[in-house]
>>> print(open('target_38.txt').read())   # compact mmCIF, C-alpha atoms and all ligand atoms
# COMPACT_ATOMS: atom_id res chain seq x y z
CA MET A 42 1.97 28.06 -11.21
CA GLY A 43 3.07 24.60 -10.08
CA ILE A 44 1.59 21.11 -10.13
CA ARG A 45 0.31 20.46 -6.62
CA ILE A 46 -1.41 17.78 -4.58
CA THR A 47 -4.27 19.90 -3.26
CA GLY A 48 -6.43 17.38 -1.44
CA THR A 49 -6.33 13.80 -0.15
CA GLY A 50 -8.98 11.37 1.09
CA LEU A 51 -8.89 8.23 3.22
CA PHE A 52 -11.41 5.43 3.68
CA HIS A 53 -10.96 2.30 5.76
CA PRO A 54 -13.47 -0.47 6.46
CA GLU A 55 -14.89 -0.76 9.99
CA ASP A 56 -13.64 -4.25 10.84
CA VAL A 57 -10.40 -4.28 12.83
CA ILE A 58 -8.26 -7.34 13.61
CA THR A 59 -5.65 -7.19 16.36
CA ASN A 60 -2.47 -9.29 16.29
CA GLU A 61 -3.83 -11.39 19.15
CA GLU A 62 -7.03 -12.26 17.25
CA LEU A 63 -5.08 -13.10 14.11
CA VAL A 64 -2.64 -15.34 15.99
CA GLU A 65 -5.45 -17.15 17.82
CA SER A 66 -7.18 -18.13 14.57
CA LEU A 67 -3.95 -19.09 12.76
CA ASN A 68 -2.83 -21.22 15.70
CA ALA A 69 -6.21 -22.99 15.80
CA TYR A 70 -5.86 -23.71 12.06
CA VAL A 71 -2.28 -25.00 12.52
CA GLU A 72 -3.36 -27.32 15.33
CA GLN A 73 -6.21 -28.72 13.21
CA TYR A 74 -3.98 -29.10 10.15
CA ASN A 75 -1.18 -30.84 12.03
CA SER A 76 -3.50 -33.27 13.81
CA ALA A 77 -5.44 -34.05 10.60
CA ASN A 78 -2.11 -34.76 8.87
CA ALA A 79 -0.29 -36.34 11.80
CA ASP A 80 0.53 -39.59 9.98
CA LYS A 81 1.98 -37.89 6.91
CA ILE A 82 3.93 -35.44 9.06
CA ALA A 83 5.34 -38.34 11.14
CA ALA A 84 6.28 -40.18 7.93
CA GLY A 85 8.10 -37.09 6.64
CA GLU A 86 5.72 -36.72 3.67
CA LEU A 87 4.33 -33.39 4.83
CA GLU A 88 5.87 -30.54 6.76
CA ALA A 89 4.14 -29.57 9.99
CA ARG A 90 2.73 -26.05 9.93
CA ARG A 91 3.98 -23.64 12.59
CA GLY A 92 2.04 -21.23 14.75
CA SER A 93 2.42 -17.49 15.07
CA SER A 94 2.95 -15.08 17.95
CA ALA A 95 1.68 -11.55 18.58
CA GLU A 96 5.01 -10.56 20.20
CA PHE A 97 6.94 -11.61 17.08
CA ILE A 98 4.61 -9.66 14.80
CA GLU A 99 4.91 -6.38 16.66
CA LYS A 100 8.66 -6.74 17.17
CA ALA A 101 9.42 -7.80 13.57
CA SER A 102 7.09 -5.38 11.78
CA GLY A 103 5.69 -2.71 14.12
CA VAL A 104 2.13 -3.72 13.15
CA LYS A 105 -0.41 -3.79 16.02
CA ARG A 106 -3.72 -4.05 14.16
CA ARG A 107 -5.22 -3.67 10.70
CA TYR A 108 -8.53 -2.75 9.05
CA VAL A 109 -10.02 -5.50 6.91
CA SER A 110 -12.92 -5.83 4.51
CA GLU A 111 -14.62 -8.60 6.52
CA LYS A 112 -13.27 -10.22 9.67
CA THR A 113 -15.50 -13.21 10.48
CA GLY A 114 -14.37 -15.25 7.47
CA LEU A 115 -10.75 -14.19 7.96
CA LEU A 116 -10.75 -15.28 11.59
CA ASP A 117 -12.58 -18.57 11.02
CA PRO A 118 -9.81 -21.23 11.26
CA ASN A 119 -11.73 -23.39 8.78
CA ARG A 120 -11.75 -20.61 6.20
CA LEU A 121 -9.12 -17.86 6.74
CA ARG A 122 -10.56 -15.88 3.82
CA PRO A 123 -12.94 -12.92 3.97
CA HIS A 124 -16.61 -13.33 3.04
CA LEU A 125 -16.82 -11.04 0.01
CA LYS A 126 -19.89 -11.98 -1.99
CA GLU A 127 -19.63 -11.61 -5.75
CA ARG A 128 -21.73 -8.70 -6.94
CA ALA A 129 -23.93 -8.60 -10.03
CA ASP A 130 -22.60 -6.79 -13.11
CA ASP A 131 -25.05 -3.94 -12.58
CA GLU A 132 -23.89 -3.32 -8.99
CA ILE A 133 -20.90 -1.13 -8.18
CA SER A 134 -17.77 -3.22 -7.48
CA LEU A 135 -16.27 -3.22 -3.98
CA GLN A 136 -13.07 -1.60 -5.24
CA ALA A 137 -15.00 1.19 -6.99
CA GLU A 138 -17.27 1.68 -3.96
CA TRP A 139 -14.30 2.30 -1.65
CA GLY A 140 -12.54 4.40 -4.29
CA VAL A 141 -15.57 6.66 -4.68
CA ILE A 142 -15.75 7.31 -0.90
CA ALA A 143 -12.05 8.26 -0.70
CA ALA A 144 -12.33 10.30 -3.92
CA LYS A 145 -15.27 12.37 -2.63
CA GLN A 146 -13.24 13.28 0.45
CA ALA A 147 -10.20 14.26 -1.62
CA MET A 148 -12.38 16.34 -3.96
CA GLU A 149 -13.98 18.14 -1.03
CA ASN A 150 -10.59 18.79 0.58
CA ALA A 151 -9.27 20.17 -2.71
CA GLY A 152 -12.45 22.20 -3.33
CA VAL A 153 -13.15 20.63 -6.72
CA THR A 154 -16.17 18.98 -8.33
CA ALA A 155 -16.51 16.24 -10.95
CA GLU A 156 -16.68 18.86 -13.74
CA ASP A 157 -13.20 20.10 -12.82
CA ILE A 158 -11.49 16.71 -13.34
CA ASP A 159 -10.21 15.32 -16.68
CA VAL A 160 -8.43 12.10 -15.69
CA VAL A 161 -9.02 9.28 -13.18
CA ILE A 162 -6.24 6.81 -12.40
CA LEU A 163 -6.76 3.76 -10.19
CA ALA A 164 -3.29 2.65 -9.10
CA CYS A 165 -2.90 -0.38 -6.85
CA SER A 166 -1.42 -3.85 -6.36
CA ASN A 167 -4.40 -5.93 -7.41
CA MET A 168 -7.42 -5.12 -9.55
CA GLN A 169 -10.68 -6.78 -8.67
CA ARG A 170 -11.19 -7.81 -12.31
CA ALA A 171 -9.43 -7.64 -15.66
CA TYR A 172 -11.92 -5.28 -17.36
CA PRO A 173 -13.72 -2.97 -17.72
CA ALA A 174 -11.20 -0.85 -15.84
CA VAL A 175 -12.31 -0.14 -12.28
CA ALA A 176 -11.07 3.43 -12.82
CA ILE A 177 -13.76 3.90 -15.50
CA GLU A 178 -16.38 2.63 -13.06
CA ILE A 179 -15.18 5.19 -10.48
CA GLN A 180 -15.13 7.91 -13.17
CA THR A 181 -18.73 7.13 -14.13
CA ALA A 182 -19.97 6.85 -10.54
CA LEU A 183 -18.58 10.33 -9.86
CA GLY A 184 -19.83 11.82 -13.17
CA ILE A 185 -16.35 12.75 -14.43
CA GLN A 186 -15.74 13.36 -18.17
CA GLY A 187 -12.42 12.67 -19.93
CA TYR A 188 -10.60 9.36 -19.49
CA ALA A 189 -9.69 6.82 -16.82
CA TYR A 190 -7.41 3.81 -16.53
CA ASP A 191 -6.05 1.22 -14.10
CA MET A 192 -2.35 0.76 -13.40
CA ASN A 193 -0.35 -1.58 -11.17
CA VAL A 194 3.16 -1.15 -9.82
CA ALA A 195 2.44 -3.03 -6.55
CA CYS A 196 3.45 -0.97 -3.49
CA SER A 197 4.82 1.79 -5.71
CA ALA A 198 1.55 2.26 -7.59
CA ALA A 199 0.72 5.57 -5.83
CA THR A 200 4.06 7.28 -6.47
CA PHE A 201 4.15 6.01 -10.05
CA GLY A 202 0.53 7.20 -10.33
CA LEU A 203 1.53 10.66 -9.08
CA LYS A 204 4.12 10.80 -11.86
CA GLN A 205 1.44 9.81 -14.42
CA ALA A 206 -0.81 12.54 -13.01
CA TYR A 207 2.03 15.07 -13.22
CA ASP A 208 2.69 14.13 -16.86
CA ALA A 209 -1.02 14.25 -17.76
CA ILE A 210 -1.24 17.80 -16.42
CA LYS A 211 1.95 18.76 -18.29
CA SER A 212 0.15 17.44 -21.40
CA GLY A 213 -2.91 19.63 -20.87
CA ALA A 214 -5.23 17.88 -18.40
CA ARG A 215 -6.68 20.32 -15.85
CA ARG A 216 -6.93 17.98 -12.86
CA VAL A 217 -6.27 14.31 -12.09
CA LEU A 218 -7.97 12.15 -9.50
CA LEU A 219 -5.58 9.42 -8.32
CA VAL A 220 -7.22 6.58 -6.38
CA ASN A 221 -5.46 3.73 -4.54
CA VAL A 222 -7.75 0.95 -3.34
CA GLU A 223 -5.96 -1.94 -1.68
CA ILE A 224 -8.17 -4.89 -0.73
CA THR A 225 -5.16 -6.93 0.38
CA SER A 226 -7.11 -9.35 2.60
CA ALA A 227 -8.49 -11.13 -0.47
CA HIS A 228 -5.05 -12.05 -1.82
CA ASN A 229 -3.00 -12.55 1.30
CA ASP A 230 -2.37 -16.08 2.62
CA PHE A 231 -3.78 -16.14 6.14
CA ARG A 232 -2.55 -19.72 6.66
CA SER A 233 1.07 -18.64 6.46
CA ARG A 234 2.82 -17.43 9.63
CA ASP A 235 5.26 -15.55 7.39
CA SER A 236 2.69 -13.25 5.87
CA HIS A 237 -0.66 -13.49 7.70
CA PHE A 238 0.05 -10.35 9.73
CA ILE A 239 1.51 -8.10 7.06
CA PHE A 240 -1.39 -6.44 5.25
CA GLY A 241 -4.49 -4.30 5.79
CA ASP A 242 -7.29 -2.93 3.60
CA VAL A 243 -7.82 0.75 2.76
CA ALA A 244 -8.59 3.29 0.03
CA THR A 245 -6.90 6.63 -0.54
CA ALA A 246 -7.39 9.37 -3.13
CA SER A 247 -5.52 12.51 -4.20
CA ILE A 248 -6.29 15.49 -6.41
CA ILE A 249 -3.42 16.82 -8.52
CA GLU A 250 -3.73 20.15 -10.32
CA ASP A 251 -1.73 23.10 -11.68
CA THR A 252 -2.43 26.02 -9.38
CA ASP A 253 -0.86 28.79 -7.34
CA SER A 254 -4.07 29.77 -5.58
CA LYS A 255 -4.56 26.70 -3.38
CA THR A 256 -2.67 25.30 -0.41
CA GLY A 257 -0.97 22.06 -1.37
CA PHE A 258 2.22 20.13 -2.03
CA GLU A 259 3.98 21.17 -5.23
CA ILE A 260 5.63 18.27 -7.05
CA VAL A 261 9.22 19.50 -7.41
CA ASP A 262 10.85 16.34 -8.79
CA THR A 263 9.96 12.73 -9.62
CA GLN A 264 12.32 9.73 -9.77
CA LEU A 265 11.13 6.23 -10.64
CA PHE A 266 13.20 3.03 -10.66
CA THR A 267 12.52 -0.67 -11.26
CA GLN A 268 14.71 -3.75 -11.08
CA PHE A 269 13.39 -7.29 -11.58
CA SER A 270 13.26 -9.48 -8.47
CA ASN A 271 11.46 -12.72 -7.62
CA ASN A 272 11.61 -11.98 -3.89
CA ILE A 273 8.03 -10.68 -3.80
CA ARG A 274 5.61 -12.55 -6.07
CA ASN A 275 1.96 -13.25 -6.76
CA ASN A 276 1.37 -15.67 -9.67
CA PHE A 277 -2.37 -15.04 -9.91
CA GLY A 278 -3.46 -14.28 -13.48
CA PHE A 279 -5.73 -15.31 -16.32
CA LEU A 280 -3.31 -17.93 -17.68
CA ASN A 281 -3.96 -19.90 -14.47
CA LEU A 282 -7.36 -20.89 -15.93
CA SER A 283 -5.80 -22.97 -18.73
CA GLU A 284 -4.60 -25.77 -16.48
CA ASN A 285 -6.96 -25.33 -13.50
CA ALA A 286 -3.97 -24.23 -11.47
CA ASP A 287 -3.80 -24.84 -7.73
CA ILE A 288 -4.73 -21.47 -6.23
CA ASP A 289 -2.58 -22.08 -3.16
CA ASP A 290 0.38 -20.78 -5.12
CA LYS A 291 -1.52 -17.77 -6.45
CA ARG A 292 -1.32 -15.41 -3.50
CA PHE A 293 1.25 -13.02 -2.06
CA ARG A 294 4.55 -14.54 -0.98
CA GLN A 295 7.97 -13.11 -0.30
CA ASP A 296 11.41 -13.63 1.11
CA GLY A 297 11.06 -10.78 3.61
CA ARG A 298 14.68 -10.93 4.82
CA LYS A 299 16.07 -10.52 1.30
CA VAL A 300 13.61 -7.73 0.54
CA PHE A 301 14.67 -5.91 3.69
CA LYS A 302 18.39 -6.23 2.94
CA GLU A 303 18.21 -5.36 -0.75
CA VAL A 304 15.58 -2.63 -0.74
CA CYS A 305 16.67 -0.39 2.19
CA PRO A 306 20.03 0.70 0.69
CA LEU A 307 18.44 1.12 -2.74
CA VAL A 308 15.76 3.42 -1.36
CA ALA A 309 18.19 5.46 0.75
CA LYS A 310 20.46 5.91 -2.29
CA MET A 311 17.57 7.12 -4.43
CA ILE A 312 16.29 9.62 -1.86
CA THR A 313 19.82 10.94 -1.27
CA ALA A 314 20.49 11.30 -5.00
CA GLN A 315 17.19 13.11 -5.54
CA LEU A 316 17.91 15.58 -2.74
CA GLU A 317 21.43 16.18 -4.08
CA LYS A 318 20.07 16.74 -7.60
CA ASN A 319 17.71 19.38 -6.25
CA ALA A 320 20.35 20.94 -3.94
CA ILE A 321 18.29 20.23 -0.82
CA ALA A 322 20.02 19.09 2.38
CA PRO A 323 18.41 16.08 4.13
CA ALA A 324 18.05 18.32 7.21
CA ASP A 325 15.78 20.60 5.17
CA VAL A 326 13.20 17.85 4.63
CA LYS A 327 10.38 18.11 7.15
CA ARG A 328 8.76 14.72 6.54
CA PHE A 329 9.73 11.50 4.75
CA TRP A 330 6.45 9.73 3.92
CA LEU A 331 7.86 6.28 3.31
CA HIS A 332 6.11 3.10 2.22
CA GLN A 333 4.56 1.50 5.28
CA ALA A 334 5.80 -2.11 5.20
CA ASN A 335 7.93 -2.36 8.29
CA ALA A 336 8.82 0.14 11.05
CA SER A 337 12.47 -1.03 11.31
CA MET A 338 12.90 -0.68 7.56
CA ASN A 339 11.73 2.93 7.76
CA GLU A 340 13.99 3.64 10.76
CA LEU A 341 16.98 2.25 8.87
CA ILE A 342 16.23 4.22 5.69
CA LEU A 343 15.90 7.42 7.72
CA LYS A 344 19.28 6.76 9.40
CA LEU A 345 20.93 6.17 6.04
CA VAL A 346 19.49 9.42 4.64
CA VAL A 347 19.79 11.91 7.54
CA GLY A 348 22.39 10.20 9.75
CA LYS A 349 21.96 8.19 12.96
CA ALA A 350 21.99 11.16 15.35
CA ALA A 351 19.39 13.19 13.43
CA ALA A 352 17.16 10.13 12.95
CA GLU A 353 17.25 9.25 16.65
CA ALA A 354 16.69 12.89 17.68
CA ASP A 355 13.50 13.21 15.63
CA PRO A 356 11.68 9.95 14.79
CA ALA A 357 8.67 12.04 13.65
CA LEU A 358 10.66 12.73 10.46
CA VAL A 359 9.22 9.40 9.24
CA PRO A 360 5.53 9.26 10.16
CA ILE A 361 4.45 5.70 10.98
CA ILE A 362 0.87 4.65 10.33
CA LEU A 363 1.48 0.90 9.88
CA ASP A 364 0.91 0.22 13.59
CA GLU A 365 -2.77 1.03 12.96
CA PHE A 366 -3.18 0.08 9.26
CA ALA A 367 -0.45 -2.58 8.66
CA ASN A 368 1.04 -2.64 5.15
CA THR A 369 -1.60 -1.15 2.84
CA SER A 370 0.64 -1.49 -0.21
CA SER A 371 0.50 1.59 -2.48
CA ALA A 372 -1.84 3.51 -0.16
CA GLY A 373 0.61 3.66 2.79
CA VAL A 374 2.51 6.76 1.62
CA ILE A 375 -0.74 8.62 0.93
CA ILE A 376 -2.19 7.71 4.36
CA ALA A 377 1.01 9.00 5.99
CA LEU A 378 0.75 12.25 3.98
CA HIS A 379 -2.97 12.59 4.69
CA ARG A 380 -2.45 12.17 8.43
CA THR A 381 0.54 14.53 8.81
CA ALA A 382 0.24 17.12 6.01
CA HIS A 383 -0.66 19.75 8.65
CA GLU A 384 2.76 19.25 10.34
CA VAL A 385 4.52 20.76 7.32
CA ASN A 386 4.74 24.55 7.05
CA ASP A 387 4.81 26.92 4.09
CA GLY A 388 7.97 26.43 1.99
CA GLU A 389 9.06 23.19 3.71
CA TYR A 390 9.95 20.06 1.77
CA GLY A 391 8.72 16.49 2.01
CA VAL A 392 9.52 13.23 0.21
CA LEU A 393 6.94 10.61 -0.72
CA CYS A 394 8.83 7.37 -1.29
CA SER A 395 7.39 3.95 -2.02
CA PHE A 396 9.14 0.62 -2.54
CA GLY A 397 7.97 -2.89 -3.14
CA ALA A 398 7.41 -5.74 -5.54
CA GLY A 399 9.13 -5.45 -8.90
CA TYR A 400 11.33 -4.24 -7.29
CA SER A 401 9.98 -0.75 -7.74
CA VAL A 402 10.93 2.53 -6.06
CA GLY A 403 9.20 5.88 -6.57
CA CYS A 404 10.47 9.17 -5.07
CA ILE A 405 8.33 12.29 -5.28
CA LEU A 406 9.91 15.44 -3.85
CA VAL A 407 7.30 18.02 -2.81
CA GLN A 408 7.26 21.52 -1.33
CA LYS A 409 4.34 22.85 0.67
CA HIS A 410 2.72 26.11 -0.33
CA VAL A 411 0.20 27.74 1.97
CA VAL A 412 -2.05 30.24 0.25
N1 LIG A 501 5.39 -15.89 14.61
C1 LIG A 501 6.45 -16.30 15.29
N2 LIG A 501 7.65 -16.52 14.74
C2 LIG A 501 7.78 -16.31 13.42
C3 LIG A 501 6.69 -15.88 12.61
C4 LIG A 501 5.47 -15.66 13.27
N3 LIG A 501 4.39 -15.25 12.59
N4 LIG A 501 7.12 -15.76 11.35
C5 LIG A 501 8.41 -16.10 11.34
N5 LIG A 501 8.81 -16.44 12.59
C6 LIG A 501 10.14 -16.87 13.03
C7 LIG A 501 10.91 -17.51 11.89
O1 LIG A 501 10.67 -18.90 11.83
C8 LIG A 501 12.34 -17.20 12.29
O2 LIG A 501 12.76 -18.11 13.28
P1 LIG A 501 14.16 -18.86 13.13
O3 LIG A 501 15.19 -17.75 13.13
O4 LIG A 501 14.19 -19.74 14.32
O5 LIG A 501 14.09 -19.58 11.81
C9 LIG A 501 12.26 -15.83 12.95
O6 LIG A 501 10.90 -15.71 13.40
C10 LIG A 501 12.61 -14.71 12.03
O7 LIG A 501 11.83 -14.84 10.81
P2 LIG A 501 12.02 -13.92 9.56
O8 LIG A 501 13.45 -13.91 9.18
O9 LIG A 501 11.03 -14.29 8.50
O10 LIG A 501 11.56 -12.54 10.21
P3 LIG A 501 12.03 -11.08 9.93
O11 LIG A 501 12.66 -10.55 11.12
O12 LIG A 501 12.73 -10.94 8.61
O13 LIG A 501 10.60 -10.34 9.76
C11 LIG A 501 9.21 -9.49 7.98
C12 LIG A 501 9.72 -10.72 8.74
C13 LIG A 501 8.40 -8.65 8.94
C14 LIG A 501 8.32 -9.94 6.82
C15 LIG A 501 10.41 -8.66 7.46
O14 LIG A 501 11.33 -9.49 6.82
C16 LIG A 501 10.01 -7.55 6.51
O15 LIG A 501 9.22 -6.69 6.82
N6 LIG A 501 10.62 -7.52 5.33
C17 LIG A 501 10.34 -6.51 4.32
C18 LIG A 501 9.09 -6.86 3.65
C19 LIG A 501 8.64 -5.82 2.65
O16 LIG A 501 8.86 -4.67 2.73
N7 LIG A 501 7.96 -6.30 1.69
C20 LIG A 501 7.35 -5.45 0.72
C21 LIG A 501 6.28 -6.31 0.22
S1 LIG A 501 4.85 -5.56 -0.01
C22 LIG A 501 4.64 -5.21 -1.69
O17 LIG A 501 5.51 -5.02 -2.44
C23 LIG A 501 3.25 -5.18 -2.17
C24 LIG A 501 2.87 -6.50 -2.68
C25 LIG A 501 1.46 -6.47 -3.07
C26 LIG A 501 0.50 -6.47 -1.92
C27 LIG A 501 -0.15 -7.79 -1.81
C28 LIG A 501 -1.19 -7.81 -0.72
C29 LIG A 501 -1.66 -9.20 -0.32
>>> encode(input="target_38.txt", output="structure tokens", more="lines below")
Ligand code: CO8
Amino acid sequence: MGIRITGTGLFHPEDVITNEELVESLNAYVEQYNSANADKIAAGELEARRGSSAEFIEKASGVKRRYVSEKTGLLDPNRLRPHLKERADDEISLQAEWGVIAAKQAMENAGVTAEDIDVVILACSNMQRAYPAVAIEIQTALGIQGYAYDMNVACSAATFGLKQAYDAIKSGARRVLLVNVEITSAHNDFRSRDSHFIFGDVATASIIEDTDSKTGFEIVDTQLFTQFSNNIRNNFGFLNLSENADIDDKRFRQDGRKVFKEVCPLVAKMITAQLEKNAIAPADVKRFWLHQANASMNELILKLVVGKAAAEADPALVPIILDEFANTSSAGVIIALHRTAHEVNDGEYGVLCSFGAGYSVGCILVQKHVV
């Protein structure tokens, strides 16, 4: 027996925004802002806002397009926020709705029903509300018994969630449903050229169970690491209500250059150490499903782990899905696994590795078993 990921699911909304569309609306906003504030800008009281470019976005990040919850509001230069109407308390929440769709797919792929599952974990960067836990809403919508909870480790929420699932099964749970629903478009700042292109919306789900009679990815080893950093921050929280805080400061922001420089070597070191600990050569890993933040970051990490020549000879070692989805925070590693699981053969190894705000890094070493 071994604890395996036996099925995954993927849901994305229908609306797609290309880099060109995004840049057109940001540039229209910048023009309006700068002309409305021309006097203050000329007097040095305000800084002029700067426009964006589709060429920069693709070159700097590898992102070509992204799925979003609602595009008309996001592309309206007078709004730059999605239209997501508040739902009544007796309606299913948007996050639970997406989670349920991805979960049903994962359950079907794993050949399990609601009665087979004991635990539901919703792991993602931002919860739609404080409570009741969205995971419990998903649990109830699917008719699952047992318990459910929400957890947040930003972009590493899925790998940390896999570790929680692994531990729950070690403690007696039969099966865990792990759901990652990232509605990033509601907390990204679409007025900022630094971050307006980074994120996309998606939901993924995975079934984790102890079995030797189903094809899946056995979790061989788990390594988690955190180290405090202010380089990626979102100050949104309930304390903001006390002083009617300005919400402009309460969205995602980062110093992307610092993140790039500090996180790549950390991640490469962790993957290398994990492989050494398990006596597996980097050349024996079929796929590295890395966090999907930036294509150059993933290229660099691969070079540091397998060597320049091997990385250049086989770029497919690191599947890239961010060109289509952008950065989907925790869900990126699961999308990459979902899309390329069939490329891994019986007995071959793979590494799921996330990294992001915290900082946080999660490395899950898996081995495929075909039954
Ligand atoms: N268009 C044109 N030019 C631009 C733009 C733009 N949009 N933006 C910046 N520039 C210019 C800059 O002004 C600069 O020009 P100059 O040199 O003249 O000053 C030049 O382009 C280079 O700018 P940068 O140094 O900012 O650009 P980089 O090459 O560093 O690329 C990236 C920026 C793509 C952000 C890159 O730094 C990166 O990917 N870094 C890593 C980021 C990362 O991995 N972050 C993880 C965060 S995600 C996470 O943890 C989850 C958080 C929770 C999710 C929240 C969802 C909302």
>>> atom_distance(input="target_38.txt", atom1="CA of Ile44 (chain A)", atom2="CA of Glu156 (chain A)")
18.8 Å
>>> closest_atom_pairs(input="target_38.txt", of="chain A", to="ligand LIG 501 (chain A)", cutoff="8 Å", atoms="all atoms listed in the file", output="Markdown table")
| residue | atom | partner | partner_atom | distance |
| --- | --- | --- | --- | --- |
| A:Val64 | CA | A:LIG501 | N3 | 7.8 |
| A:Gly92 | CA | A:LIG501 | N1 | 6.3 |
| A:Ser93 | CA | A:LIG501 | N1 | 3.4 |
| A:Ser94 | CA | A:LIG501 | N1 | 4.2 |
| A:Ala95 | CA | A:LIG501 | N1 | 7.0 |
| A:Glu96 | CA | A:LIG501 | C1 | 7.7 |
| A:Phe97 | CA | A:LIG501 | C1 | 5.0 |
| A:Ile98 | CA | A:LIG501 | N3 | 6.0 |
| A:Ala101 | CA | A:LIG501 | O13 | 4.7 |
| A:Ser102 | CA | A:LIG501 | C13 | 4.5 |
| A:Ser166 | CA | A:LIG501 | C25 | 5.1 |
| A:Asn167 | CA | A:LIG501 | C27 | 7.3 |
| A:Ala195 | CA | A:LIG501 | C23 | 4.9 |
| A:Cys196 | CA | A:LIG501 | C23 | 4.4 |
| A:Ser197 | CA | A:LIG501 | O17 | 7.6 |
| A:Glu223 | CA | A:LIG501 | C28 | 7.6 |
| A:Ile224 | CA | A:LIG501 | C28 | 7.6 |
| A:Thr225 | CA | A:LIG501 | C28 | 4.2 |
| A:Ser226 | CA | A:LIG501 | C29 | 6.2 |
| A:Ala227 | CA | A:LIG501 | C29 | 7.1 |
| A:His228 | CA | A:LIG501 | C29 | 4.7 |
| A:Asn229 | CA | A:LIG501 | C29 | 4.0 |
| A:Asp230 | CA | A:LIG501 | C29 | 7.5 |
| A:Ser233 | CA | A:LIG501 | N3 | 7.8 |
| A:Arg234 | CA | A:LIG501 | N3 | 4.0 |
| A:Asp235 | CA | A:LIG501 | N4 | 4.4 |
| A:Ser236 | CA | A:LIG501 | C14 | 6.6 |
| A:His237 | CA | A:LIG501 | N3 | 7.2 |
| A:Phe238 | CA | A:LIG501 | N3 | 7.1 |
| A:Ile239 | CA | A:LIG501 | C14 | 7.1 |
| A:Phe240 | CA | A:LIG501 | C28 | 6.1 |
| A:Ile273 | CA | A:LIG501 | C21 | 6.2 |
| A:Arg274 | CA | A:LIG501 | C24 | 7.5 |
| A:Asn275 | CA | A:LIG501 | C27 | 7.7 |
| A:Arg292 | CA | A:LIG501 | C29 | 7.0 |
| A:Phe293 | CA | A:LIG501 | C29 | 5.1 |
| A:Gln295 | CA | A:LIG501 | C21 | 7.0 |
| A:Asp296 | CA | A:LIG501 | O14 | 7.1 |
| A:Gly297 | CA | A:LIG501 | O14 | 3.5 |
| A:Arg298 | CA | A:LIG501 | O14 | 4.2 |
| A:Lys299 | CA | A:LIG501 | O14 | 7.3 |
| A:Val300 | CA | A:LIG501 | C17 | 5.1 |
| A:Phe301 | CA | A:LIG501 | C17 | 4.4 |
| A:Val304 | CA | A:LIG501 | O16 | 7.8 |
| A:Gln333 | CA | A:LIG501 | O16 | 7.9 |
| A:Ala334 | CA | A:LIG501 | O16 | 4.7 |
| A:Asn335 | CA | A:LIG501 | O15 | 4.8 |
| A:Ser337 | CA | A:LIG501 | O15 | 7.9 |
| A:Met338 | CA | A:LIG501 | O15 | 7.1 |
| A:Asn368 | CA | A:LIG501 | S1 | 7.0 |
| A:Thr369 | CA | A:LIG501 | C26 | 7.4 |
| A:Ser370 | CA | A:LIG501 | C23 | 4.9 |
| A:Ser371 | CA | A:LIG501 | C23 | 7.3 |
| A:Phe396 | CA | A:LIG501 | O17 | 6.7 |
| A:Gly397 | CA | A:LIG501 | O17 | 3.3 |
| A:Ala398 | CA | A:LIG501 | O17 | 3.7 |
| A:Gly399 | CA | A:LIG501 | O17 | 7.4 |
| A:Tyr400 | CA | A:LIG501 | O17 | 7.6 |
>>> closest_atom_pairs(input="target_38.txt", of="region 228-300 of chain A", to="region 135-149 of chain A", cutoff="7 Å", atoms="only C-alpha atoms", output="Markdown table")
| residue | atom | partner | partner_atom | distance |
| --- | --- | --- | --- | --- |
| A:Ala244 | CA | A:Gly140 | CA | 6.0 |
| A:Thr245 | CA | A:Ala143 | CA | 5.4 |
| A:Ala246 | CA | A:Ala144 | CA | 5.1 |
| A:Ser247 | CA | A:Ala147 | CA | 5.6 |
| A:Ile248 | CA | A:Ala147 | CA | 6.3 |
>>> atom_distance(input="target_38.txt", atom1="CA of Thr181 (chain A)", atom2="CA of Val161 (chain A)")
10.0 Å
>>> atom_distance(input="target_38.txt", atom1="CA of Ile288 (chain A)", atom2="CA of Pro118 (chain A)")
18.2 Å
>>> closest_residue(input="target_38.txt", among="A:Arg328, A:Asp56, A:Ser283, A:Leu125", to="His383 (chain A)", atoms="only C-alpha atoms")
A:Arg328
>>> residues_around(input="target_38.txt", residues="Phe258 (chain A)", least_positions_apart="2", cutoff="9 Å", atoms="all atoms listed in the file", output="mmCIF file with C-alpha atoms, in the frame of the given file")
data_model
loop_
_atom_site.group_PDB
_atom_site.id
_atom_site.type_symbol
_atom_site.label_atom_id
_atom_site.label_comp_id
_atom_site.auth_asym_id
_atom_site.auth_seq_id
_atom_site.Cartn_x
_atom_site.Cartn_y
_atom_site.Cartn_z
ATOM 1 C CA ILE A 44 1.590 21.110 -10.130
ATOM 2 C CA ARG A 45 0.310 20.460 -6.620
ATOM 3 C CA ILE A 46 -1.410 17.780 -4.580
ATOM 4 C CA THR A 47 -4.270 19.900 -3.260
ATOM 5 C CA THR A 256 -2.670 25.300 -0.410
ATOM 6 C CA ILE A 260 5.630 18.270 -7.050
ATOM 7 C CA VAL A 261 9.220 19.500 -7.410
ATOM 8 C CA ALA A 382 0.240 17.120 6.010
ATOM 9 C CA TYR A 390 9.950 20.060 1.770
ATOM 10 C CA GLY A 391 8.720 16.490 2.010
ATOM 11 C CA VAL A 407 7.300 18.020 -2.810
ATOM 12 C CA GLN A 408 7.260 21.520 -1.330
ATOM 13 C CA LYS A 409 4.340 22.850 0.670
ATOM 14 C CA HIS A 410 2.720 26.110 -0.330
ATOM 15 C CA VAL A 411 0.200 27.740 1.970
#
>>> closest_residue(input="target_38.txt", among="A:Ala129, A:Ala336, A:Ala367, A:Val194", to="Met168 (chain A)", atoms="only C-alpha atoms")
A:Val194
